[in-house]
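K.L.:
Please find one structure pasted underneath; my questions will follow.
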Amino acid sequence: MPERTPELLPEDRARTLDVLQHHWGYDALRPMQEEAVAAGLMGRDSLLVMPTGGGKSLCYQLPPLVAGRVDIVVSPLIALMEDQIASLRSVGVEAAAMHSGLSNQAHHEVLDGIRDGRWSLLFCAPERLVDPRWIEVMRAMHIGAIAIDEAHCISDWGHDFRPEYRQLSGLRKHFPGVSVHAFTATATPKVRDDIIRQLGLSDPVQLIGHFDRPNLVYRILPKDGATDRISSILERHRGEGAIVYCRSRAETERYAESLRKRGLDAGSYHAGMVPHAREKVQRAFKDERLDVVCATVAFGMGIDRSNVRCVIHASLPASIEQYQQETGRAGRDGLEAECVLLYSAGDVVRWKEFIDREAQESGDEVNGQRRHHHLMAMQGYARTIRCRHQTLVEHFGQELEADAVTGCGACDVCLGEVVAMPGSTLVARKILSAVARVEQSFGIGYVVKVLRGVMDESVQRRGHQDLSVFGLLADHSAKGLTNLMHQCVDLGLLERTQGDRPVVRLTEAGVATMKGRSEVQFTRPPEGSTTRRTKADTADWEGVDRALFERLRDWRKAVAAREGVPPYVVFGDRTLRALARAKPTELGALLEVPGIGAAKSQKYGESVLEALNGDSASVAKD
């Protein structure tokens with residue numbers, strides 16, 4: 001029989017709920033949180049895999065408060081530590097961090113707090129746990145447990161492997177009697193096994209949450225006209241937080257500049273910027289003084305902003321794990337958010353070239369094969385005409401129950417925004433025939449001109465206006481036909497040569513299709529397609545006074561600026577919407593609002609009641 005997951009003792013459950021209500025303003029734990037907290041209080045090793053927004057952090061924040069002890073939290077980024085500490089202190093929890101960015105004075109203040117027993121949680125980087133001086137400090141603290149956040153970083157099968165995390169394998173030697181708890185939002189079964197092995201977890205409690213994020217709306221669009229598409233998407237989220245992930249540093253700057261010219265509040269972020277400029281952009285985004293960040297993958301893990309309403313991938317990510325992690329930065333508050341991937345077969349080609357080049361330079365063919373495996377899975381996800389939510393959870397070894405008629409109701413496929421194109425095979429044969437007739441010597445743009453019957457100088461010079469395929473698809477737009485040719489590359493019917501001026505050539509599968517030996521299925525938007533509003537979005541706003549919500553956002557931003565913290569540390573969007581729905585008039589009623597506990601009621605109660613009554617000037621008062 002499978003081992004039962006740990007359960008809280010009655011007295012521990014009562015104490016846990018008291019702490020939860022007092023500090024965070026919630027009266028119940030979410031699924032798996034109770035089991036994770038129980039493992040922490042019992043001193044059993046554990047592995048918790050819970051998607052972003054599922055309340056993972058509470059699972060290592062609650063045990064030390066309930067047990068009256070101090071726990072260590074291993075975190076990979078200074079920004080991530082600082083965000084969590086700001087959030088904890090805002091709800092009355094004593095927490096601190098030891099990292100290389102501390103001044104001498106701050107360093108000594110943390111050490112003083114350790115000696116005084118002031119901290120419940122102490123955050124540190126993985127390198128600290130192998131520093132002999134720091135090990136002695138922690139031994140003197142008699143720590144209760146070690147929690148390892150972003151634990152997938154320890155596995156080279158993970159999407160964000162960090163060599164310094166491998167040093168954590170020595171934890172057992174340094175702290176033989178201390179339980180170790182691994183936490184991550186993204187891990188396949190293979191990565192989970194690797195985490196357990198690398199950390200030497202002893203008979204760990206394994207708690208695997210469901211990977212579906214029902215509040216995220218997934219869409220995949222062709223990459224052609226990328227700037228226009230990105231601008232159009234962001235118009236739907238004007239005034240809201242959004243991240244545009246780009247492949248290169250140059251792309252981040254180009255998109256940001258283009259969006260600014262269109263009146264959108266956008267900045268760029270990449271590793272090549274001077275640290276001060278990069279920090280300035282990150283801080284402005286966290287403080288809601290900047291709406292849109294166009295960034296490379298260097299941006300994100302240290303961003304704890306809960307109300308990002310849109311994540312756009314301007315280029316294909318290298319793996320589904322990376323895609324899941326980055327889209328997971330949207331809608332962390334549980335409210336609806338949109339995730340759009342702009343897809344092009346050209347991105348797959350560029351990734352393959354990059355992976356092959358790195359494998360050749362490093363001599364690590366095994367890692368190259370592993371990365372190709374990740375890339376092919378990502379390409380398969382982008383090409384499918386199946387429910388996006390279902391495809392994602394299946395990748396992580398799970399199933400999704402969805403309505404047989406409406407599906408998930410939160411992706412372009414189930415919303416009817418993308419459909420199979422009738423007559424796909426015949427159109428594909430015409431495209432492939434055109435490639436053959438021009439002797440497989442030209443790029444996609446030229447083949448499109450021939451098929452559309454464009455009589456320009458380059459076509460006439462070669463006499464291609466006399467080909468039987470000239471004008472054969474004149475009823476298709478250049479944009480639409482280009483997309484279909486990219487789909488042919490995706491489907492393995494055509495291949496593109498490398499270099500600055502790639503040529504398209506027929507593959508064996510393409511020849512077979514051209515000769516009528518196989519079928520093809522293209523996709524296209526339905527006629528008169530528009531982006532549909534989902535049921536979740538309607539429910540999230542039901543009964544909310546939107547004008548009051550915006551007034552509360554202004555109040556929150558002013559309070560946050562006064563206190564020097566990000567606005568979401570004051571109150572999340574879900575709490576603001578609940579306030580704008582319930583419109584409480586007394587301090588006691590604030591405790592009935594999700595996200596407002598005793599600490600925040602005492603701190604912000606009078607001020608927020610004045611803002612609800614229309615007096616937002618009260619935030620200027622001390």
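The chains in the structure tokens are called A, B, ... from first to last as shown; in each chain the residues are counted from 1, and the ligands are counted from 1 in the order shown.
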Skipping near chain neighbours, those fewer than 2 positions away, what residues fall within 9 Å of range 488-491 of chain A using only C-alpha atoms, listed as an mmCIF file with N, CA and C atoms, in the first residue's frame?
P.N.:
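What follows is the written file out.cif:
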data_model
loop_
_atom_site.group_PDB
_atom_site.id
_atom_site.type_symbol
_atom_site.label_atom_id
_atom_site.label_comp_id
_atom_site.auth_asym_id
_atom_site.auth_seq_id
_atom_site.Cartn_x
_atom_site.Cartn_y
_atom_site.Cartn_z
ATOM 1 N N SER A 344 7.439 30.677 -34.957
ATOM 2 C CA SER A 344 7.981 30.592 -36.319
ATOM 3 C C SER A 344 8.891 29.385 -36.408
ATOM 4 N N ALA A 345 8.804 28.665 -37.514
ATOM 5 C CA ALA A 345 9.697 27.525 -37.720
ATOM 6 C C ALA A 345 11.149 27.982 -37.756
ATOM 7 N N GLY A 346 11.364 29.234 -38.162
ATOM 8 C CA GLY A 346 12.724 29.761 -38.207
ATOM 9 C C GLY A 346 13.385 29.759 -36.836
ATOM 10 N N VAL A 348 12.967 27.513 -34.548
ATOM 11 C CA VAL A 348 13.415 26.136 -34.297
ATOM 12 C C VAL A 348 14.758 25.895 -34.978
ATOM 13 N N GLN A 379 8.475 22.411 -29.727
ATOM 14 C CA GLN A 379 7.946 22.589 -31.073
ATOM 15 C C GLN A 379 6.629 21.828 -31.240
ATOM 16 N N ARG A 383 2.907 23.386 -32.307
ATOM 17 C CA ARG A 383 2.280 22.979 -33.571
ATOM 18 C C ARG A 383 0.940 22.282 -33.393
ATOM 19 N N ALA A 428 -1.074 22.490 -49.827
ATOM 20 C CA ALA A 428 0.311 22.075 -49.561
ATOM 21 C C ALA A 428 0.964 21.547 -50.837
ATOM 22 N N ILE A 431 2.034 24.432 -52.994
ATOM 23 C CA ILE A 431 3.224 25.101 -52.451
ATOM 24 C C ILE A 431 4.479 24.284 -52.762
ATOM 25 N N LEU A 432 4.407 22.988 -52.513
ATOM 26 C CA LEU A 432 5.568 22.120 -52.732
ATOM 27 C C LEU A 432 5.929 22.049 -54.208
ATOM 28 N N ASN A 483 2.861 32.241 -43.901
ATOM 29 C CA ASN A 483 2.595 31.416 -42.721
ATOM 30 C C ASN A 483 2.425 29.949 -43.103
ATOM 31 N N LEU A 484 1.743 29.667 -44.212
ATOM 32 C CA LEU A 484 1.554 28.285 -44.632
ATOM 33 C C LEU A 484 2.875 27.634 -45.037
ATOM 34 N N MET A 485 3.759 28.412 -45.643
ATOM 35 C CA MET A 485 5.063 27.861 -45.994
ATOM 36 C C MET A 485 5.873 27.554 -44.729
ATOM 37 N N HIS A 486 5.748 28.406 -43.727
ATOM 38 C CA HIS A 486 6.419 28.114 -42.453
ATOM 39 C C HIS A 486 5.833 26.861 -41.814
ATOM 40 N N LEU A 493 7.964 19.094 -44.290
ATOM 41 C CA LEU A 493 7.786 18.943 -45.737
ATOM 42 C C LEU A 493 8.831 19.753 -46.502
ATOM 43 N N LEU A 494 9.276 20.823 -45.893
ATOM 44 C CA LEU A 494 10.328 21.668 -46.454
ATOM 45 C C LEU A 494 11.429 21.838 -45.412
ATOM 46 N N GLU A 495 12.630 22.093 -45.886
ATOM 47 C CA GLU A 495 13.719 22.451 -44.988
ATOM 48 C C GLU A 495 14.381 23.714 -45.497
ATOM 49 N N ARG A 496 14.894 24.516 -44.571
ATOM 50 C CA ARG A 496 15.577 25.762 -44.937
ATOM 51 C C ARG A 496 17.079 25.598 -44.746
ATOM 52 N N VAL A 504 14.582 27.293 -49.496
ATOM 53 C CA VAL A 504 13.732 26.161 -49.099
ATOM 54 C C VAL A 504 13.868 25.016 -50.091
ATOM 55 N N ALA A 509 9.559 13.649 -47.065
ATOM 56 C CA ALA A 509 8.126 13.734 -46.730
ATOM 57 C C ALA A 509 7.427 14.727 -47.643
ATOM 58 N N GLY A 510 8.126 15.822 -48.011
ATOM 59 C CA GLY A 510 7.539 16.803 -48.916
ATOM 60 C C GLY A 510 7.305 16.232 -50.302
ATOM 61 N N VAL A 520 -2.003 16.386 -45.308
ATOM 62 C CA VAL A 520 -1.468 17.512 -44.545
ATOM 63 C C VAL A 520 -2.608 18.239 -43.853
ATOM 64 N N PHE A 522 -3.169 22.012 -42.174
ATOM 65 C CA PHE A 522 -2.752 23.354 -41.776
ATOM 66 C C PHE A 522 -3.740 23.906 -40.758
#
K.L.:
Of the candidates A:Asp45, A:Asp356, A:Glu550, A:Glu94, which shows the shortest atom-to-atom distance to Arg172 in chain A, using only C-alpha atoms?
P.N.:
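Among the listed residues, the smallest separation from Arg172 in chain A belongs to A:Asp45.
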K.L.:
Just the residues within 10 Å of His142 in chain A, please, counting only C-alpha atoms, with nothing from its chain fewer than 6 positions along; format it as a list in words.
P.N.:
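The contact residues come out as Arg69, Val70, Asp71, Phe175 and Val178 of chain A.
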K.L.:
Using the selection just defined, write its residues with N, CA and C atoms as a PDB file, in the first residue's frame.
P.N.:
ATOM      1  N   ARG A  69      10.744  28.396  15.779  1.00  0.00           N
ATOM      2  CA  ARG A  69      12.149  28.083  15.509  1.00  0.00           C
ATOM      3  C   ARG A  69      12.644  28.963  14.361  1.00  0.00           C
ATOM      4  N   VAL A  70      13.883  28.751  13.951  1.00  0.00           N
ATOM      5  CA  VAL A  70      14.413  29.459  12.789  1.00  0.00           C
ATOM      6  C   VAL A  70      14.761  28.435  11.710  1.00  0.00           C
ATOM      7  N   ASP A  71      14.323  28.693  10.480  1.00  0.00           N
ATOM      8  CA  ASP A  71      14.623  27.835   9.329  1.00  0.00           C
ATOM      9  C   ASP A  71      15.466  28.598   8.322  1.00  0.00           C
ATOM     10  N   PHE A 175      24.783  19.038   8.277  1.00  0.00           N
ATOM     11  CA  PHE A 175      23.614  19.153   9.171  1.00  0.00           C
ATOM     12  C   PHE A 175      22.886  17.803   9.217  1.00  0.00           C
ATOM     13  N   VAL A 178      19.106  17.621  10.505  1.00  0.00           N
ATOM     14  CA  VAL A 178      18.164  18.653  10.055  1.00  0.00           C
ATOM     15  C   VAL A 178      17.418  18.171   8.801  1.00  0.00           C
TER      16      VAL A 178
END
K.L.:
A:Gly492, A:Lys603, A:Val366, A:Glu279: which is nearest Glu508 in chain A, counting only C-alpha atoms?
P.N.:
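For Glu508 in chain A, the nearest of the given residues is A:Gly492.
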K.L.:
Do you know which residues are at most 12 Å from range 107-109 of chain A counting only C-alpha atoms, after dropping those on the same chain fewer than 4 positions away, and could you put them as a list in words?
P.N.:
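That gives Ala95, Ala96, Ala97, Met98, His99, Ser100, Gly101, Leu102, Ser103, Gly113, Ile114, Arg115, Asp116, Arg118 and Trp119 of chain A.
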K.L.:
Any chance you could export the current selection's C-alpha atoms as a short mmCIF file (atom, residue, chain, number, x, y, z; two decimals), in the first residue's frame?
P.N.:
data_model
loop_
_atom_site.label_atom_id
_atom_site.label_comp_id
_atom_site.auth_asym_id
_atom_site.auth_seq_id
_atom_site.Cartn_x
_atom_site.Cartn_y
_atom_site.Cartn_z
CA ALA A 95 13.02 37.55 8.26
CA ALA A 96 16.45 38.47 6.92
CA ALA A 97 18.99 37.45 4.29
CA MET A 98 22.73 36.98 4.08
CA HIS A 99 24.14 37.71 0.64
CA SER A 100 27.02 39.46 -1.12
CA GLY A 101 25.01 42.65 -1.69
CA LEU A 102 24.78 43.60 1.99
CA SER A 103 26.69 46.56 3.36
CA GLY A 113 19.55 39.34 14.86
CA ILE A 114 20.85 35.78 14.69
CA ARG A 115 22.45 36.09 18.14
CA ASP A 116 19.27 37.66 19.54
CA ARG A 118 15.10 37.64 16.16
CA TRP A 119 14.61 35.84 12.83
#
K.L.:
Just the residues within 10 Å of His22 in chain A, please, counting only C-alpha atoms, with nothing from its chain fewer than 2 positions along; format it as a VMD selection string.
P.N.:
chain A and resid 16 to 20 24 to 27 91 to 92 591 596 to 601
K.L.:
Restricting the output to N, CA and C atoms, write the selected residues as a PDB file, in the first residue's frame.
P.N.:
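Output saved as again_31.pdb:
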ATOM      1  N   THR A  16      -1.518  26.425  13.260  1.00  0.00           N
ATOM      2  CA  THR A  16      -1.195  26.821  11.881  1.00  0.00           C
ATOM      3  C   THR A  16      -2.237  27.785  11.319  1.00  0.00           C
ATOM      4  N   LEU A  17      -3.507  27.463  11.547  1.00  0.00           N
ATOM      5  CA  LEU A  17      -4.575  28.329  11.033  1.00  0.00           C
ATOM      6  C   LEU A  17      -4.589  29.685  11.744  1.00  0.00           C
ATOM      7  N   ASP A  18      -4.260  29.689  13.040  1.00  0.00           N
ATOM      8  CA  ASP A  18      -4.161  30.956  13.766  1.00  0.00           C
ATOM      9  C   ASP A  18      -3.068  31.837  13.168  1.00  0.00           C
ATOM     10  N   VAL A  19      -1.902  31.230  12.912  1.00  0.00           N
ATOM     11  CA  VAL A  19      -0.779  31.978  12.331  1.00  0.00           C
ATOM     12  C   VAL A  19      -1.133  32.464  10.925  1.00  0.00           C
ATOM     13  N   LEU A  20      -1.769  31.604  10.153  1.00  0.00           N
ATOM     14  CA  LEU A  20      -2.160  31.956   8.783  1.00  0.00           C
ATOM     15  C   LEU A  20      -3.110  33.140   8.782  1.00  0.00           C
ATOM     16  N   TRP A  24      -1.468  36.461   7.373  1.00  0.00           N
ATOM     17  CA  TRP A  24      -1.807  36.558   5.948  1.00  0.00           C
ATOM     18  C   TRP A  24      -3.288  36.824   5.670  1.00  0.00           C
ATOM     19  N   GLY A  25      -4.129  36.688   6.657  1.00  0.00           N
ATOM     20  CA  GLY A  25      -5.539  37.000   6.464  1.00  0.00           C
ATOM     21  C   GLY A  25      -6.331  35.930   5.747  1.00  0.00           C
ATOM     22  N   TYR A  26      -5.873  34.685   5.788  1.00  0.00           N
ATOM     23  CA  TYR A  26      -6.610  33.571   5.176  1.00  0.00           C
ATOM     24  C   TYR A  26      -7.008  32.593   6.265  1.00  0.00           C
ATOM     25  N   ASP A  27      -8.180  31.954   6.083  1.00  0.00           N
ATOM     26  CA  ASP A  27      -8.673  31.061   7.132  1.00  0.00           C
ATOM     27  C   ASP A  27      -8.583  29.593   6.766  1.00  0.00           C
ATOM     28  N   VAL A  91       3.705  41.498   6.715  1.00  0.00           N
ATOM     29  CA  VAL A  91       2.664  40.797   7.480  1.00  0.00           C
ATOM     30  C   VAL A  91       3.149  40.480   8.896  1.00  0.00           C
ATOM     31  N   GLY A  92       4.236  41.138   9.313  1.00  0.00           N
ATOM     32  CA  GLY A  92       4.685  41.016  10.691  1.00  0.00           C
ATOM     33  C   GLY A  92       5.573  39.831  10.988  1.00  0.00           C
ATOM     34  N   LEU A 591     -11.263  42.402   8.212  1.00  0.00           N
ATOM     35  CA  LEU A 591     -10.738  41.067   8.479  1.00  0.00           C
ATOM     36  C   LEU A 591     -11.510  39.987   7.740  1.00  0.00           C
ATOM     37  N   ILE A 596      -6.304  40.144   4.120  1.00  0.00           N
ATOM     38  CA  ILE A 596      -6.124  41.144   5.180  1.00  0.00           C
ATOM     39  C   ILE A 596      -6.190  40.442   6.527  1.00  0.00           C
ATOM     40  N   GLY A 597      -5.032  40.301   7.151  1.00  0.00           N
ATOM     41  CA  GLY A 597      -4.964  39.730   8.486  1.00  0.00           C
ATOM     42  C   GLY A 597      -4.847  40.830   9.518  1.00  0.00           C
ATOM     43  N   ALA A 598      -4.612  40.423  10.768  1.00  0.00           N
ATOM     44  CA  ALA A 598      -4.555  41.394  11.859  1.00  0.00           C
ATOM     45  C   ALA A 598      -3.432  42.404  11.651  1.00  0.00           C
ATOM     46  N   ALA A 599      -2.270  41.925  11.163  1.00  0.00           N
ATOM     47  CA  ALA A 599      -1.125  42.825  10.994  1.00  0.00           C
ATOM     48  C   ALA A 599      -1.420  43.916   9.969  1.00  0.00           C
ATOM     49  N   LYS A 600      -1.989  43.537   8.846  1.00  0.00           N
ATOM     50  CA  LYS A 600      -2.258  44.535   7.810  1.00  0.00           C
ATOM     51  C   LYS A 600      -3.473  45.388   8.141  1.00  0.00           C
ATOM     52  N   SER A 601      -4.426  44.821   8.858  1.00  0.00           N
ATOM     53  CA  SER A 601      -5.584  45.615   9.267  1.00  0.00           C
ATOM     54  C   SER A 601      -5.140  46.733  10.202  1.00  0.00           C
TER      55      SER A 601
END
K.L.:
Quick one: of A:Gly40, A:Phe299, A:His210, A:Asp333, who's nearest to Gly55 in chain A, counting only C-alpha atoms?
P.N.:
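So, comparing all the options, the nearest one is A:Asp333.
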K.L.:
Pull the strand (DSSP E or B) assignments for range 73-302 of chain A out of DSSP run on the backbone, and list those residues as a PyMOL selection string.
P.N.:
chain A and resi 73-74+95-98+121-124+145-148+179-184+205-208+216-222+241-245+266-269+292-295
K.L.:
If we count only C-alpha atoms, what is near range 604-614 of chain A at a cut-off of 8 Å, once residues fewer than 3 positions away on the same chain are taken out, given as an MDAnalysis selection string?
P.N.:
chainID A and resid 548 551:552 555 580 583:587 590 600:601 617:619
K.L.:
Based on DSSP run over this structure's backbone, return all residues of range 156-370 of chain A in helix (DSSP H, G or I), as a PyMOL selection string.
P.N.:
chain A and resi 163-174+189-199+226-235+249-261+275-286+320-327+345-362+365-370
K.L.:
Can you tell me, as a list in words, what residues are no more than 12 Å from Ser231 in chain A when counting only C-alpha atoms, ignoring any on the same chain fewer than 5 positions away?
P.N.:
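Final neighbour list, sorted by chain and number: Gly225, Ala226, Arg236, His237, Arg238, Ala242, Val244, Tyr255, Ala256, Glu257, Ser258, Leu259, Arg260, Lys261, Arg262, Gly263, Leu264, Asp265, Ala266, Val292, Cys294, Ile312 and Ala314 of chain A.
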K.L.:
Could you turn the residues from that selection into a file that holds N, CA and C atoms, as a PDB file, in the first residue's frame?
P.N.:
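And here's selection01.pdb as it stands now:
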ATOM      1  N   GLY A 225       4.903  39.773 -38.688  1.00  0.00           N
ATOM      2  CA  GLY A 225       4.340  41.024 -38.174  1.00  0.00           C
ATOM      3  C   GLY A 225       4.395  41.080 -36.669  1.00  0.00           C
ATOM      4  N   ALA A 226       5.520  40.600 -36.080  1.00  0.00           N
ATOM      5  CA  ALA A 226       5.611  40.427 -34.624  1.00  0.00           C
ATOM      6  C   ALA A 226       5.349  41.720 -33.858  1.00  0.00           C
ATOM      7  N   ARG A 236      -4.600  45.412 -25.105  1.00  0.00           N
ATOM      8  CA  ARG A 236      -5.633  44.799 -24.269  1.00  0.00           C
ATOM      9  C   ARG A 236      -5.278  44.895 -22.795  1.00  0.00           C
ATOM     10  N   HIS A 237      -4.008  45.181 -22.516  1.00  0.00           N
ATOM     11  CA  HIS A 237      -3.539  45.216 -21.122  1.00  0.00           C
ATOM     12  C   HIS A 237      -2.904  46.566 -20.790  1.00  0.00           C
ATOM     13  N   ARG A 238      -3.346  47.597 -21.468  1.00  0.00           N
ATOM     14  CA  ARG A 238      -2.785  48.928 -21.223  1.00  0.00           C
ATOM     15  C   ARG A 238      -2.967  49.296 -19.746  1.00  0.00           C
ATOM     16  N   ALA A 242       3.137  43.679 -17.823  1.00  0.00           N
ATOM     17  CA  ALA A 242       3.343  42.704 -18.902  1.00  0.00           C
ATOM     18  C   ALA A 242       4.833  42.490 -19.116  1.00  0.00           C
ATOM     19  N   VAL A 244       7.539  40.885 -22.064  1.00  0.00           N
ATOM     20  CA  VAL A 244       7.750  40.380 -23.420  1.00  0.00           C
ATOM     21  C   VAL A 244       9.120  39.716 -23.439  1.00  0.00           C
ATOM     22  N   TYR A 255      12.136  46.084 -29.682  1.00  0.00           N
ATOM     23  CA  TYR A 255      10.707  46.012 -29.354  1.00  0.00           C
ATOM     24  C   TYR A 255      10.305  47.125 -28.383  1.00  0.00           C
ATOM     25  N   ALA A 256      11.145  47.372 -27.380  1.00  0.00           N
ATOM     26  CA  ALA A 256      10.807  48.406 -26.396  1.00  0.00           C
ATOM     27  C   ALA A 256      10.690  49.768 -27.060  1.00  0.00           C
ATOM     28  N   GLU A 257      11.626  50.071 -27.946  1.00  0.00           N
ATOM     29  CA  GLU A 257      11.578  51.363 -28.629  1.00  0.00           C
ATOM     30  C   GLU A 257      10.339  51.467 -29.509  1.00  0.00           C
ATOM     31  N   SER A 258      10.040  50.394 -30.237  1.00  0.00           N
ATOM     32  CA  SER A 258       8.861  50.398 -31.108  1.00  0.00           C
ATOM     33  C   SER A 258       7.577  50.568 -30.305  1.00  0.00           C
ATOM     34  N   LEU A 259       7.485  49.911 -29.150  1.00  0.00           N
ATOM     35  CA  LEU A 259       6.284  50.023 -28.320  1.00  0.00           C
ATOM     36  C   LEU A 259       6.138  51.419 -27.734  1.00  0.00           C
ATOM     37  N   ARG A 260       7.257  52.022 -27.360  1.00  0.00           N
ATOM     38  CA  ARG A 260       7.196  53.395 -26.839  1.00  0.00           C
ATOM     39  C   ARG A 260       6.683  54.356 -27.914  1.00  0.00           C
ATOM     40  N   LYS A 261       7.096  54.159 -29.158  1.00  0.00           N
ATOM     41  CA  LYS A 261       6.626  55.009 -30.249  1.00  0.00           C
ATOM     42  C   LYS A 261       5.119  54.861 -30.460  1.00  0.00           C
ATOM     43  N   ARG A 262       4.570  53.726 -30.037  1.00  0.00           N
ATOM     44  CA  ARG A 262       3.133  53.481 -30.168  1.00  0.00           C
ATOM     45  C   ARG A 262       2.380  53.890 -28.911  1.00  0.00           C
ATOM     46  N   GLY A 263       3.072  54.565 -28.011  1.00  0.00           N
ATOM     47  CA  GLY A 263       2.405  55.098 -26.827  1.00  0.00           C
ATOM     48  C   GLY A 263       2.296  54.147 -25.668  1.00  0.00           C
ATOM     49  N   LEU A 264       3.031  53.027 -25.717  1.00  0.00           N
ATOM     50  CA  LEU A 264       3.004  52.070 -24.618  1.00  0.00           C
ATOM     51  C   LEU A 264       4.211  52.300 -23.705  1.00  0.00           C
ATOM     52  N   ASP A 265       4.003  52.116 -22.418  1.00  0.00           N
ATOM     53  CA  ASP A 265       5.035  52.360 -21.416  1.00  0.00           C
ATOM     54  C   ASP A 265       5.933  51.130 -21.319  1.00  0.00           C
ATOM     55  N   ALA A 266       7.057  51.126 -22.068  1.00  0.00           N
ATOM     56  CA  ALA A 266       7.892  49.933 -22.165  1.00  0.00           C
ATOM     57  C   ALA A 266       9.362  50.252 -21.924  1.00  0.00           C
ATOM     58  N   VAL A 292       5.506  47.651 -19.061  1.00  0.00           N
ATOM     59  CA  VAL A 292       5.975  46.572 -19.935  1.00  0.00           C
ATOM     60  C   VAL A 292       7.494  46.480 -19.889  1.00  0.00           C
ATOM     61  N   CYS A 294      10.512  44.454 -21.916  1.00  0.00           N
ATOM     62  CA  CYS A 294      10.964  43.579 -23.001  1.00  0.00           C
ATOM     63  C   CYS A 294      12.309  43.024 -22.554  1.00  0.00           C
ATOM     64  N   ILE A 312       4.286  37.614 -22.996  1.00  0.00           N
ATOM     65  CA  ILE A 312       4.405  37.338 -24.433  1.00  0.00           C
ATOM     66  C   ILE A 312       5.782  36.760 -24.703  1.00  0.00           C
ATOM     67  N   ALA A 314       8.158  36.488 -27.655  1.00  0.00           N
ATOM     68  CA  ALA A 314       8.372  36.945 -29.029  1.00  0.00           C
ATOM     69  C   ALA A 314       9.157  35.930 -29.834  1.00  0.00           C
TER      70      ALA A 314
END
K.L.:
Using CA of Leu207 in chain A and CA of Gly328 in chain A as the two end points, give the distance in Å to one decimal.
P.N.:
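If I compute the distance from CA of Leu207 in chain A to CA of Gly328 in chain A, I get 19.1 Å.
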